[in-house]
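Q: The following file, upload38.txt, comprises compact mmCIF, N, CA and C atoms:
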# COMPACT_ATOMS: atom_id res chain seq x y z
N MET N 1 -1.54 -29.68 26.90
CA MET N 1 -0.56 -29.58 25.83
C MET N 1 -0.46 -30.93 25.12
N GLN N 2 -0.46 -30.85 23.80
CA GLN N 2 -0.36 -32.06 23.00
C GLN N 2 1.09 -32.46 22.79
N ASP N 3 1.31 -33.75 22.72
CA ASP N 3 2.66 -34.25 22.45
C ASP N 3 3.01 -34.01 20.98
N GLN N 4 4.29 -34.19 20.69
CA GLN N 4 4.77 -34.05 19.31
C GLN N 4 4.47 -35.33 18.55
N PRO N 5 4.24 -35.33 17.30
CA PRO N 5 4.20 -34.18 16.41
C PRO N 5 2.87 -33.44 16.52
N THR N 6 2.90 -32.18 16.11
CA THR N 6 1.69 -31.36 16.13
C THR N 6 0.77 -31.77 14.98
N ALA N 7 -0.45 -31.28 15.01
CA ALA N 7 -1.40 -31.55 13.92
C ALA N 7 -0.84 -31.04 12.59
N ILE N 8 -0.23 -29.88 12.61
CA ILE N 8 0.36 -29.31 11.39
C ILE N 8 1.46 -30.21 10.87
N GLU N 9 2.31 -30.70 11.76
CA GLU N 9 3.38 -31.60 11.34
C GLU N 9 2.84 -32.91 10.77
N LEU N 10 1.80 -33.45 11.39
CA LEU N 10 1.20 -34.69 10.90
C LEU N 10 0.62 -34.51 9.50
N VAL N 11 -0.10 -33.43 9.30
CA VAL N 11 -0.68 -33.15 7.98
C VAL N 11 0.43 -33.01 6.95
N ASP N 12 1.49 -32.32 7.31
CA ASP N 12 2.62 -32.12 6.40
C ASP N 12 3.29 -33.45 6.05
N ILE N 13 3.46 -34.32 7.03
CA ILE N 13 4.10 -35.62 6.82
C ILE N 13 3.25 -36.48 5.88
N VAL N 14 1.94 -36.48 6.07
CA VAL N 14 1.07 -37.29 5.22
C VAL N 14 1.08 -36.76 3.78
N ALA N 15 1.03 -35.44 3.61
CA ALA N 15 1.08 -34.86 2.26
C ALA N 15 2.40 -35.21 1.58
N GLU N 16 3.48 -35.12 2.32
CA GLU N 16 4.80 -35.46 1.76
C GLU N 16 4.85 -36.95 1.38
N PHE N 17 4.30 -37.81 2.22
CA PHE N 17 4.26 -39.24 1.90
C PHE N 17 3.50 -39.49 0.60
N ILE N 18 2.34 -38.86 0.48
CA ILE N 18 1.54 -39.04 -0.74
C ILE N 18 2.33 -38.60 -1.97
N ARG N 19 2.96 -37.41 -1.88
CA ARG N 19 3.69 -36.88 -3.04
C ARG N 19 4.94 -37.69 -3.39
N LYS N 20 5.72 -38.05 -2.37
CA LYS N 20 7.03 -38.66 -2.64
C LYS N 20 6.98 -40.18 -2.78
N HIS N 21 6.03 -40.83 -2.13
CA HIS N 21 6.03 -42.29 -2.12
C HIS N 21 4.83 -42.91 -2.82
N ALA N 22 3.64 -42.38 -2.57
CA ALA N 22 2.45 -42.99 -3.17
C ALA N 22 2.26 -42.57 -4.63
N MET N 23 2.32 -41.27 -4.90
CA MET N 23 2.04 -40.80 -6.26
C MET N 23 2.95 -41.39 -7.33
N PRO N 24 4.25 -41.53 -7.08
CA PRO N 24 5.10 -42.11 -8.13
C PRO N 24 4.71 -43.53 -8.52
N GLN N 25 3.97 -44.21 -7.65
CA GLN N 25 3.57 -45.59 -7.94
C GLN N 25 2.17 -45.68 -8.55
N LEU N 26 1.52 -44.54 -8.71
CA LEU N 26 0.14 -44.53 -9.19
C LEU N 26 0.07 -43.98 -10.61
N GLN N 27 -1.02 -44.32 -11.29
CA GLN N 27 -1.25 -43.83 -12.64
C GLN N 27 -2.71 -43.41 -12.78
N GLY N 28 -2.97 -42.62 -13.80
CA GLY N 28 -4.33 -42.26 -14.16
C GLY N 28 -5.12 -41.60 -13.05
N HIS N 29 -6.37 -42.06 -12.88
CA HIS N 29 -7.27 -41.47 -11.88
C HIS N 29 -6.72 -41.58 -10.47
N ALA N 30 -6.07 -42.68 -10.16
CA ALA N 30 -5.53 -42.86 -8.81
C ALA N 30 -4.47 -41.81 -8.52
N ALA N 31 -3.60 -41.52 -9.50
CA ALA N 31 -2.57 -40.49 -9.32
C ALA N 31 -3.22 -39.11 -9.17
N PHE N 32 -4.25 -38.86 -9.99
CA PHE N 32 -4.97 -37.58 -9.89
C PHE N 32 -5.59 -37.42 -8.51
N HIS N 33 -6.27 -38.46 -8.03
CA HIS N 33 -6.91 -38.38 -6.71
C HIS N 33 -5.88 -38.25 -5.59
N ALA N 34 -4.73 -38.85 -5.73
CA ALA N 34 -3.66 -38.68 -4.74
C ALA N 34 -3.18 -37.24 -4.72
N ARG N 35 -3.04 -36.64 -5.91
CA ARG N 35 -2.62 -35.23 -5.99
C ARG N 35 -3.66 -34.32 -5.35
N VAL N 36 -4.94 -34.61 -5.59
CA VAL N 36 -6.02 -33.84 -4.97
C VAL N 36 -5.95 -33.98 -3.44
N ALA N 37 -5.72 -35.21 -2.96
CA ALA N 37 -5.63 -35.44 -1.51
C ALA N 37 -4.46 -34.68 -0.91
N ALA N 38 -3.31 -34.70 -1.56
CA ALA N 38 -2.14 -33.97 -1.05
C ALA N 38 -2.41 -32.47 -1.04
N ASN N 39 -3.05 -31.97 -2.09
CA ASN N 39 -3.38 -30.54 -2.13
C ASN N 39 -4.39 -30.17 -1.04
N ALA N 40 -5.35 -31.05 -0.77
CA ALA N 40 -6.31 -30.80 0.30
C ALA N 40 -5.61 -30.75 1.65
N LEU N 41 -4.64 -31.61 1.86
CA LEU N 41 -3.87 -31.58 3.10
C LEU N 41 -3.07 -30.29 3.23
N ASP N 42 -2.56 -29.78 2.11
CA ASP N 42 -1.86 -28.49 2.14
C ASP N 42 -2.80 -27.37 2.59
N ILE N 43 -4.04 -27.40 2.12
CA ILE N 43 -5.03 -26.40 2.52
C ILE N 43 -5.31 -26.52 4.02
N VAL N 44 -5.48 -27.74 4.50
CA VAL N 44 -5.73 -27.96 5.94
C VAL N 44 -4.55 -27.41 6.76
N LYS N 45 -3.33 -27.68 6.31
CA LYS N 45 -2.15 -27.20 7.03
C LYS N 45 -2.16 -25.67 7.10
N ARG N 46 -2.40 -25.02 5.95
CA ARG N 46 -2.41 -23.55 5.95
C ARG N 46 -3.53 -23.01 6.82
N GLU N 47 -4.68 -23.68 6.82
CA GLU N 47 -5.78 -23.22 7.68
C GLU N 47 -5.41 -23.35 9.16
N LEU N 48 -4.78 -24.44 9.53
CA LEU N 48 -4.35 -24.60 10.92
C LEU N 48 -3.34 -23.52 11.31
N GLU N 49 -2.49 -23.13 10.37
CA GLU N 49 -1.47 -22.11 10.65
C GLU N 49 -2.04 -20.69 10.67
N ILE N 50 -2.95 -20.39 9.76
CA ILE N 50 -3.38 -19.01 9.53
C ILE N 50 -4.70 -18.65 10.23
N ALA N 51 -5.65 -19.57 10.25
CA ALA N 51 -7.01 -19.25 10.67
C ALA N 51 -7.17 -18.74 12.10
N PRO N 52 -6.49 -19.29 13.10
CA PRO N 52 -6.74 -18.79 14.46
C PRO N 52 -6.50 -17.28 14.60
N LYS N 53 -5.37 -16.80 14.13
CA LYS N 53 -5.08 -15.36 14.22
C LYS N 53 -6.01 -14.56 13.31
N ALA N 54 -6.23 -15.06 12.10
CA ALA N 54 -7.08 -14.35 11.14
C ALA N 54 -8.52 -14.25 11.67
N ASN N 55 -9.03 -15.31 12.28
CA ASN N 55 -10.38 -15.27 12.82
C ASN N 55 -10.49 -14.27 13.97
N ALA N 56 -9.48 -14.21 14.81
CA ALA N 56 -9.49 -13.24 15.92
C ALA N 56 -9.47 -11.82 15.38
N GLU N 57 -8.65 -11.58 14.36
CA GLU N 57 -8.60 -10.24 13.76
C GLU N 57 -9.92 -9.89 13.08
N GLU N 58 -10.50 -10.85 12.37
CA GLU N 58 -11.80 -10.62 11.72
C GLU N 58 -12.87 -10.30 12.76
N HIS N 59 -12.87 -11.05 13.85
CA HIS N 59 -13.84 -10.82 14.92
C HIS N 59 -13.70 -9.41 15.48
N GLY N 60 -12.48 -8.97 15.70
CA GLY N 60 -12.25 -7.62 16.21
C GLY N 60 -12.72 -6.55 15.23
N ARG N 61 -12.43 -6.73 13.95
CA ARG N 61 -12.88 -5.76 12.95
C ARG N 61 -14.40 -5.69 12.90
N LEU N 62 -15.06 -6.85 12.96
CA LEU N 62 -16.52 -6.87 12.92
C LEU N 62 -17.13 -6.20 14.14
N GLN N 63 -16.53 -6.41 15.31
CA GLN N 63 -17.04 -5.75 16.51
C GLN N 63 -16.97 -4.22 16.35
N LEU N 64 -15.87 -3.73 15.81
CA LEU N 64 -15.74 -2.28 15.60
C LEU N 64 -16.70 -1.79 14.52
N LEU N 65 -16.80 -2.52 13.45
CA LEU N 65 -17.64 -2.13 12.32
C LEU N 65 -19.12 -2.10 12.70
N LEU N 66 -19.56 -3.12 13.44
CA LEU N 66 -20.97 -3.25 13.79
C LEU N 66 -21.30 -2.64 15.15
N GLU N 67 -20.27 -2.28 15.89
CA GLU N 67 -20.42 -1.68 17.23
C GLU N 67 -21.26 -2.57 18.15
N ARG N 68 -20.95 -3.86 18.11
CA ARG N 68 -21.60 -4.81 19.01
C ARG N 68 -20.74 -6.04 19.14
N ASP N 69 -21.12 -6.89 20.10
CA ASP N 69 -20.38 -8.12 20.34
C ASP N 69 -21.21 -9.31 19.88
N GLY N 70 -20.57 -10.41 19.74
CA GLY N 70 -21.22 -11.65 19.34
C GLY N 70 -20.16 -12.59 18.82
N SER N 71 -20.58 -13.78 18.47
CA SER N 71 -19.63 -14.74 17.91
C SER N 71 -19.26 -14.29 16.50
N LEU N 72 -18.19 -14.85 15.98
CA LEU N 72 -17.77 -14.52 14.62
C LEU N 72 -18.89 -14.83 13.63
N ASP N 73 -19.53 -15.95 13.79
CA ASP N 73 -20.63 -16.33 12.91
C ASP N 73 -21.80 -15.35 13.01
N GLU N 74 -22.17 -15.00 14.23
CA GLU N 74 -23.27 -14.05 14.42
C GLU N 74 -22.95 -12.69 13.80
N LEU N 75 -21.74 -12.22 14.01
CA LEU N 75 -21.36 -10.92 13.47
C LEU N 75 -21.30 -10.94 11.94
N ASN N 76 -20.85 -12.04 11.36
CA ASN N 76 -20.85 -12.15 9.90
C ASN N 76 -22.28 -12.15 9.35
N ARG N 77 -23.17 -12.86 10.02
CA ARG N 77 -24.57 -12.85 9.58
C ARG N 77 -25.16 -11.45 9.69
N GLU N 78 -24.84 -10.74 10.77
CA GLU N 78 -25.34 -9.38 10.94
C GLU N 78 -24.78 -8.44 9.87
N LEU N 79 -23.51 -8.58 9.56
CA LEU N 79 -22.92 -7.75 8.50
C LEU N 79 -23.63 -8.01 7.17
N CYS N 80 -23.86 -9.27 6.85
CA CYS N 80 -24.58 -9.60 5.60
C CYS N 80 -25.97 -8.97 5.60
N ALA N 81 -26.65 -9.03 6.72
CA ALA N 81 -28.00 -8.46 6.81
C ALA N 81 -27.96 -6.95 6.62
N GLU N 82 -26.97 -6.29 7.22
CA GLU N 82 -26.85 -4.83 7.08
C GLU N 82 -26.53 -4.45 5.64
N ILE N 83 -25.69 -5.23 4.99
CA ILE N 83 -25.39 -4.97 3.58
C ILE N 83 -26.66 -5.15 2.74
N GLU N 84 -27.39 -6.24 3.01
CA GLU N 84 -28.61 -6.51 2.25
C GLU N 84 -29.65 -5.41 2.45
N ARG N 85 -29.76 -4.88 3.65
CA ARG N 85 -30.72 -3.82 3.94
C ARG N 85 -30.23 -2.45 3.45
N GLY N 86 -28.99 -2.39 2.97
CA GLY N 86 -28.46 -1.12 2.49
C GLY N 86 -27.98 -0.21 3.61
N GLU N 87 -27.79 -0.75 4.80
CA GLU N 87 -27.37 0.06 5.94
C GLU N 87 -25.87 0.33 5.93
N ILE N 88 -25.14 -0.49 5.20
CA ILE N 88 -23.70 -0.30 5.06
C ILE N 88 -23.33 -0.73 3.64
N GLY N 89 -22.37 -0.03 3.07
CA GLY N 89 -21.97 -0.36 1.70
C GLY N 89 -20.53 0.02 1.46
N LEU N 90 -20.15 0.02 0.20
CA LEU N 90 -18.76 0.25 -0.16
C LEU N 90 -18.29 1.68 0.06
N GLU N 91 -19.20 2.57 0.44
CA GLU N 91 -18.77 3.92 0.84
C GLU N 91 -18.06 3.89 2.19
N SER N 92 -18.23 2.80 2.93
CA SER N 92 -17.57 2.62 4.22
C SER N 92 -16.15 2.09 4.01
N GLU N 93 -15.15 2.91 4.31
CA GLU N 93 -13.76 2.47 4.18
C GLU N 93 -13.47 1.28 5.08
N GLU N 94 -14.11 1.24 6.24
CA GLU N 94 -13.90 0.13 7.16
C GLU N 94 -14.42 -1.17 6.57
N LEU N 95 -15.58 -1.11 5.89
CA LEU N 95 -16.11 -2.31 5.26
C LEU N 95 -15.20 -2.77 4.12
N VAL N 96 -14.77 -1.85 3.29
CA VAL N 96 -13.89 -2.19 2.17
C VAL N 96 -12.60 -2.83 2.71
N ASP N 97 -12.02 -2.24 3.74
CA ASP N 97 -10.81 -2.79 4.34
C ASP N 97 -11.06 -4.20 4.89
N HIS N 98 -12.18 -4.38 5.56
CA HIS N 98 -12.53 -5.68 6.13
C HIS N 98 -12.68 -6.72 5.02
N LEU N 99 -13.42 -6.39 3.98
CA LEU N 99 -13.63 -7.34 2.88
C LEU N 99 -12.32 -7.69 2.18
N TRP N 100 -11.45 -6.70 2.01
CA TRP N 100 -10.16 -6.94 1.38
C TRP N 100 -9.32 -7.90 2.24
N LYS N 101 -9.31 -7.67 3.53
CA LYS N 101 -8.50 -8.51 4.42
C LYS N 101 -9.01 -9.94 4.48
N ILE N 102 -10.33 -10.13 4.52
CA ILE N 102 -10.81 -11.51 4.57
C ILE N 102 -10.59 -12.21 3.22
N THR N 103 -10.65 -11.45 2.14
CA THR N 103 -10.37 -12.04 0.82
C THR N 103 -8.92 -12.50 0.76
N LEU N 104 -8.00 -11.66 1.21
CA LEU N 104 -6.58 -12.04 1.20
C LEU N 104 -6.33 -13.26 2.09
N THR N 105 -6.98 -13.31 3.23
CA THR N 105 -6.81 -14.44 4.13
C THR N 105 -7.32 -15.73 3.49
N LYS N 106 -8.49 -15.66 2.87
CA LYS N 106 -9.04 -16.85 2.21
C LYS N 106 -8.12 -17.33 1.10
N LEU N 107 -7.56 -16.39 0.33
CA LEU N 107 -6.61 -16.78 -0.72
C LEU N 107 -5.33 -17.35 -0.14
N ALA N 108 -4.85 -16.79 0.96
CA ALA N 108 -3.63 -17.30 1.59
C ALA N 108 -3.80 -18.76 2.00
N ILE N 109 -5.00 -19.13 2.39
CA ILE N 109 -5.28 -20.50 2.80
C ILE N 109 -5.55 -21.39 1.59
N ASP N 110 -6.42 -20.96 0.72
CA ASP N 110 -6.90 -21.81 -0.36
C ASP N 110 -6.05 -21.78 -1.62
N GLN N 111 -5.57 -20.61 -2.02
CA GLN N 111 -4.86 -20.47 -3.29
C GLN N 111 -3.67 -19.52 -3.18
N PRO N 112 -2.68 -19.83 -2.35
CA PRO N 112 -1.58 -18.88 -2.14
C PRO N 112 -0.72 -18.62 -3.38
N ASN N 113 -0.86 -19.43 -4.41
CA ASN N 113 -0.10 -19.21 -5.64
C ASN N 113 -0.91 -18.49 -6.71
N TYR N 114 -2.14 -18.11 -6.41
CA TYR N 114 -2.99 -17.38 -7.34
C TYR N 114 -2.30 -16.06 -7.70
N SER N 115 -2.18 -15.79 -9.00
CA SER N 115 -1.37 -14.65 -9.45
C SER N 115 -1.84 -13.32 -8.88
N GLY N 116 -3.15 -13.11 -8.77
CA GLY N 116 -3.65 -11.86 -8.20
C GLY N 116 -3.28 -11.71 -6.73
N TYR N 117 -3.32 -12.81 -6.00
CA TYR N 117 -2.92 -12.78 -4.59
C TYR N 117 -1.43 -12.49 -4.47
N VAL N 118 -0.63 -13.19 -5.26
CA VAL N 118 0.82 -12.99 -5.22
C VAL N 118 1.16 -11.54 -5.53
N ARG N 119 0.51 -10.99 -6.55
CA ARG N 119 0.76 -9.60 -6.93
C ARG N 119 0.37 -8.64 -5.80
N ALA N 120 -0.79 -8.88 -5.18
CA ALA N 120 -1.24 -8.02 -4.09
C ALA N 120 -0.26 -8.05 -2.93
N ILE N 121 0.25 -9.21 -2.59
CA ILE N 121 1.22 -9.34 -1.50
C ILE N 121 2.53 -8.65 -1.88
N GLU N 122 2.96 -8.82 -3.12
CA GLU N 122 4.20 -8.16 -3.58
C GLU N 122 4.06 -6.64 -3.54
N GLU N 123 2.83 -6.14 -3.74
CA GLU N 123 2.58 -4.70 -3.70
C GLU N 123 2.35 -4.19 -2.29
N GLY N 124 2.48 -5.07 -1.31
CA GLY N 124 2.40 -4.65 0.09
C GLY N 124 1.05 -4.80 0.75
N ALA N 125 0.13 -5.52 0.14
CA ALA N 125 -1.16 -5.74 0.76
C ALA N 125 -0.98 -6.60 2.01
N GLU N 126 -1.83 -6.34 2.99
CA GLU N 126 -1.80 -7.12 4.23
C GLU N 126 -3.10 -7.86 4.41
N ALA N 127 -3.00 -9.10 4.82
CA ALA N 127 -4.21 -9.89 5.12
C ALA N 127 -4.68 -9.58 6.51
I need this file expressed as structure tokens, please.
A:
Amino acid sequence: MQDQPTAIELVDIVAEFIRKHAMPQLQGHAAFHARVAANALDIVKRELEIAPKANAEEHGRLQLLLERDGSLDELNRELCAEIERGEIGLESEELVDHLWKITLTKLAIDQPNYSGYVRAIEEGAEA
């Protein structure tokens, strides 16, 4: 067990420091790069919060879809190969559901304020 603060808390503290203390003292390119750094830390924080559960769920869906076991990376490569060979396509409701869920998860981590993502969540979509 790790002591406090957690990795998520540390990332949050550094992003807050950049936004509240460093950025107000910067101008031009330096301010822009500080904003980029703070936004990157926000992405890291969301990935730490969301990815473990999302990866486990993705792994389970892939095992059912492909009817085999393997690592998440191996199963994703196999799914791509099956799509490329035409063995599975958008006629598969399971594939469409899987692709939709991983898309929502990626947006939740990378662009949670993206209007299409926000609208999908408001309409009851689940990642």
Q: Around (-17.1, -3.9, 7.5), as given in the file, which residues come within 8 Å? Count only N, CA and C atoms and list them as a VMD selection string.
A: chain N and resid 61 to 62 64 to 66 79 88 to 89 92 to 99
Q: Next, dump the selected residues to file, keeping only N, CA and C atoms, as a PDB file, keeping the file's coordinate frame.
A:
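again.pdb was written with the following content:
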ATOM      1  N   ARG N  61     -12.430  -6.730  13.950  1.00  0.00           N
ATOM      2  CA  ARG N  61     -12.880  -5.760  12.950  1.00  0.00           C
ATOM      3  C   ARG N  61     -14.400  -5.690  12.900  1.00  0.00           C
ATOM      4  N   LEU N  62     -15.060  -6.850  12.960  1.00  0.00           N
ATOM      5  CA  LEU N  62     -16.520  -6.870  12.920  1.00  0.00           C
ATOM      6  C   LEU N  62     -17.130  -6.200  14.140  1.00  0.00           C
ATOM      7  N   LEU N  64     -15.870  -3.730  15.810  1.00  0.00           N
ATOM      8  CA  LEU N  64     -15.740  -2.280  15.600  1.00  0.00           C
ATOM      9  C   LEU N  64     -16.700  -1.790  14.520  1.00  0.00           C
ATOM     10  N   LEU N  65     -16.800  -2.520  13.450  1.00  0.00           N
ATOM     11  CA  LEU N  65     -17.640  -2.130  12.320  1.00  0.00           C
ATOM     12  C   LEU N  65     -19.120  -2.100  12.700  1.00  0.00           C
ATOM     13  N   LEU N  66     -19.560  -3.120  13.440  1.00  0.00           N
ATOM     14  CA  LEU N  66     -20.970  -3.250  13.790  1.00  0.00           C
ATOM     15  C   LEU N  66     -21.300  -2.640  15.150  1.00  0.00           C
ATOM     16  N   LEU N  79     -23.510  -8.580   9.560  1.00  0.00           N
ATOM     17  CA  LEU N  79     -22.920  -7.750   8.500  1.00  0.00           C
ATOM     18  C   LEU N  79     -23.630  -8.010   7.170  1.00  0.00           C
ATOM     19  N   ILE N  88     -25.140  -0.490   5.200  1.00  0.00           N
ATOM     20  CA  ILE N  88     -23.700  -0.300   5.060  1.00  0.00           C
ATOM     21  C   ILE N  88     -23.330  -0.730   3.640  1.00  0.00           C
ATOM     22  N   GLY N  89     -22.370  -0.030   3.070  1.00  0.00           N
ATOM     23  CA  GLY N  89     -21.970  -0.360   1.700  1.00  0.00           C
ATOM     24  C   GLY N  89     -20.530   0.020   1.460  1.00  0.00           C
ATOM     25  N   SER N  92     -18.230   2.800   2.930  1.00  0.00           N
ATOM     26  CA  SER N  92     -17.570   2.620   4.220  1.00  0.00           C
ATOM     27  C   SER N  92     -16.150   2.090   4.010  1.00  0.00           C
ATOM     28  N   GLU N  93     -15.150   2.910   4.310  1.00  0.00           N
ATOM     29  CA  GLU N  93     -13.760   2.470   4.180  1.00  0.00           C
ATOM     30  C   GLU N  93     -13.470   1.280   5.080  1.00  0.00           C
ATOM     31  N   GLU N  94     -14.110   1.240   6.240  1.00  0.00           N
ATOM     32  CA  GLU N  94     -13.900   0.130   7.160  1.00  0.00           C
ATOM     33  C   GLU N  94     -14.420  -1.170   6.570  1.00  0.00           C
ATOM     34  N   LEU N  95     -15.580  -1.110   5.890  1.00  0.00           N
ATOM     35  CA  LEU N  95     -16.110  -2.310   5.260  1.00  0.00           C
ATOM     36  C   LEU N  95     -15.200  -2.770   4.120  1.00  0.00           C
ATOM     37  N   VAL N  96     -14.770  -1.850   3.290  1.00  0.00           N
ATOM     38  CA  VAL N  96     -13.890  -2.190   2.170  1.00  0.00           C
ATOM     39  C   VAL N  96     -12.600  -2.830   2.710  1.00  0.00           C
ATOM     40  N   ASP N  97     -12.020  -2.240   3.740  1.00  0.00           N
ATOM     41  CA  ASP N  97     -10.810  -2.790   4.340  1.00  0.00           C
ATOM     42  C   ASP N  97     -11.060  -4.200   4.890  1.00  0.00           C
ATOM     43  N   HIS N  98     -12.180  -4.380   5.560  1.00  0.00           N
ATOM     44  CA  HIS N  98     -12.530  -5.680   6.130  1.00  0.00           C
ATOM     45  C   HIS N  98     -12.680  -6.720   5.020  1.00  0.00           C
ATOM     46  N   LEU N  99     -13.420  -6.390   3.980  1.00  0.00           N
ATOM     47  CA  LEU N  99     -13.630  -7.340   2.880  1.00  0.00           C
ATOM     48  C   LEU N  99     -12.320  -7.690   2.180  1.00  0.00           C
TER      49      LEU N  99
END
Q: In Å to one decimal, how far is atom N of Glu122 (chain N) from atom C of Ile43 (chain N)?
A: 20.8 Å
Q: From the options N:Ile18, N:Phe32, N:Lys101, N:Glu9, which residue's atoms come nearest to Val44 (chain N), counting only C-alpha atoms?
A: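 So, comparing all the options, the nearest one is N:Glu9.
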Q: Just checking: using only C-alpha atoms, which residue out of N:Arg35, N:Ala51, N:Ile8, N:Pro112 ends up closest to His21 (chain N)?
A: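 Ranking N:Arg35, N:Ala51, N:Ile8, N:Pro112 by distance to His21 (chain N), first place goes to N:Arg35.
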Q: What parts of region 10-124 of chain N does DSSP call helix (DSSP H, G or I)? I'd like the answer as a PyMOL selection string.
A: chain N and resi 10-25+28-66+72-84+93-110+115-122
Q: Can you work out the spacing between atom N of Ile83 (chain N) and atom C of Arg46 (chain N) in Å, to one decimal?
A: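 If I compute the distance from atom N of Ile83 (chain N) to atom C of Arg46 (chain N), I get 28.5 Å.
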Q: Mind giving me the straight-line distance from CA of Val118 (chain N) to CA of Trp100 (chain N) in Å, one decimal?
A: 14.2 Å
Q: Give me, as a list of chain:residue names, all polymer residues having an atom no more than 12 Å from Ala37 (chain N), counting only C-alpha atoms and skipping those fewer than 3 positions away in the same chain.
A: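 Here the answer would be N:Val11, N:Asp12, N:Val14, N:Ala15, N:Glu16, N:Phe17, N:Ile18, N:Arg19, N:Ala22, N:Met23, N:Ala30, N:Ala31, N:Phe32, N:His33, N:Ala34, N:Ala40, N:Leu41, N:Asp42, N:Ile43, N:Val44.
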Q: From the options N:Gln63, N:Thr6, N:Glu47, N:Pro24, which residue's atoms come nearest to Ala108 (chain N), counting all atoms listed in the file?
A: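 Using all atoms listed in the file, Ala108 (chain N) sits closest to N:Glu47.
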Q: Which is closest to Ala54 (chain N) among N:Ala81, N:Ile121, N:Leu104, N:Gln4, if we use only C-alpha atoms?
A: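 Closest to Ala54 (chain N) of all the choices is N:Leu104.
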Q: When you count all atoms listed in the file, which of these residues is closest to Ile50 (chain N): N:Arg68, N:Leu75, N:Glu84, N:Thr105?
A: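 Between N:Arg68, N:Leu75, N:Glu84, N:Thr105, the residue approaching Ile50 (chain N) most closely is N:Thr105.
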Q: Taking (-15.2, -13.5, 14.9) in the file's own coordinates, collect the residues within 7 Å, counting only N, CA and C atoms, and hand them back as an mmCIF file with N, CA and C atoms, in the coordinates of the input.
A:
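Heads up, here's the output in point29.cif:
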data_model
loop_
_atom_site.group_PDB
_atom_site.id
_atom_site.type_symbol
_atom_site.label_atom_id
_atom_site.label_comp_id
_atom_site.auth_asym_id
_atom_site.auth_seq_id
_atom_site.Cartn_x
_atom_site.Cartn_y
_atom_site.Cartn_z
ATOM 1 N N ASN N 55 -9.030 -15.310 12.280
ATOM 2 C CA ASN N 55 -10.380 -15.270 12.820
ATOM 3 C C ASN N 55 -10.490 -14.270 13.970
ATOM 4 N N ALA N 56 -9.480 -14.210 14.810
ATOM 5 C CA ALA N 56 -9.490 -13.240 15.920
ATOM 6 C C ALA N 56 -9.470 -11.820 15.380
ATOM 7 N N GLU N 57 -8.650 -11.580 14.360
ATOM 8 C CA GLU N 57 -8.600 -10.240 13.760
ATOM 9 C C GLU N 57 -9.920 -9.890 13.080
ATOM 10 N N GLU N 58 -10.500 -10.850 12.370
ATOM 11 C CA GLU N 58 -11.800 -10.620 11.720
ATOM 12 C C GLU N 58 -12.870 -10.300 12.760
ATOM 13 N N HIS N 59 -12.870 -11.050 13.850
ATOM 14 C CA HIS N 59 -13.840 -10.820 14.920
ATOM 15 C C HIS N 59 -13.700 -9.410 15.480
ATOM 16 N N GLY N 60 -12.480 -8.970 15.700
ATOM 17 C CA GLY N 60 -12.250 -7.620 16.210
ATOM 18 C C GLY N 60 -12.720 -6.550 15.230
ATOM 19 N N LEU N 62 -15.060 -6.850 12.960
ATOM 20 C CA LEU N 62 -16.520 -6.870 12.920
ATOM 21 C C LEU N 62 -17.130 -6.200 14.140
ATOM 22 N N GLY N 70 -20.570 -10.410 19.740
ATOM 23 C CA GLY N 70 -21.220 -11.650 19.340
ATOM 24 C C GLY N 70 -20.160 -12.590 18.820
ATOM 25 N N SER N 71 -20.580 -13.780 18.470
ATOM 26 C CA SER N 71 -19.630 -14.740 17.910
ATOM 27 C C SER N 71 -19.260 -14.290 16.500
ATOM 28 N N LEU N 72 -18.190 -14.850 15.980
ATOM 29 C CA LEU N 72 -17.770 -14.520 14.620
ATOM 30 C C LEU N 72 -18.890 -14.830 13.630
ATOM 31 N N ASP N 73 -19.530 -15.950 13.790
ATOM 32 C CA ASP N 73 -20.630 -16.330 12.910
ATOM 33 C C ASP N 73 -21.800 -15.350 13.010
ATOM 34 N N LEU N 75 -21.740 -12.220 14.010
ATOM 35 C CA LEU N 75 -21.360 -10.920 13.470
ATOM 36 C C LEU N 75 -21.300 -10.940 11.940
ATOM 37 N N ASN N 76 -20.850 -12.040 11.360
ATOM 38 C CA ASN N 76 -20.850 -12.150 9.900
ATOM 39 C C ASN N 76 -22.280 -12.150 9.350
#
Q: Mind rebuilding region 76-81 of chain N with N, CA, C and O atoms and writing that out as a PDB file, in the coordinates of the input?
A:
ATOM      1  N   ASN N  76     -20.850 -12.040  11.360  1.00  0.00           N
ATOM      2  CA  ASN N  76     -20.850 -12.150   9.900  1.00  0.00           C
ATOM      3  C   ASN N  76     -22.280 -12.150   9.350  1.00  0.00           C
ATOM      4  O   ASN N  76     -22.547 -11.511   8.332  1.00  0.00           O
ATOM      5  N   ARG N  77     -23.170 -12.860  10.020  1.00  0.00           N
ATOM      6  CA  ARG N  77     -24.570 -12.850   9.580  1.00  0.00           C
ATOM      7  C   ARG N  77     -25.160 -11.450   9.690  1.00  0.00           C
ATOM      8  O   ARG N  77     -25.897 -11.009   8.798  1.00  0.00           O
ATOM      9  N   GLU N  78     -24.840 -10.740  10.770  1.00  0.00           N
ATOM     10  CA  GLU N  78     -25.340  -9.380  10.940  1.00  0.00           C
ATOM     11  C   GLU N  78     -24.780  -8.440   9.870  1.00  0.00           C
ATOM     12  O   GLU N  78     -25.509  -7.609   9.328  1.00  0.00           O
ATOM     13  N   LEU N  79     -23.510  -8.580   9.560  1.00  0.00           N
ATOM     14  CA  LEU N  79     -22.920  -7.750   8.500  1.00  0.00           C
ATOM     15  C   LEU N  79     -23.630  -8.010   7.170  1.00  0.00           C
ATOM     16  O   LEU N  79     -23.978  -7.064   6.454  1.00  0.00           O
ATOM     17  N   CYS N  80     -23.860  -9.270   6.850  1.00  0.00           N
ATOM     18  CA  CYS N  80     -24.580  -9.600   5.600  1.00  0.00           C
ATOM     19  C   CYS N  80     -25.970  -8.970   5.600  1.00  0.00           C
ATOM     20  O   CYS N  80     -26.410  -8.432   4.572  1.00  0.00           O
ATOM     21  N   ALA N  81     -26.650  -9.030   6.720  1.00  0.00           N
ATOM     22  CA  ALA N  81     -28.000  -8.460   6.810  1.00  0.00           C
ATOM     23  C   ALA N  81     -27.960  -6.950   6.620  1.00  0.00           C
ATOM     24  O   ALA N  81     -28.802  -6.374   5.927  1.00  0.00           O
TER      25      ALA N  81
END
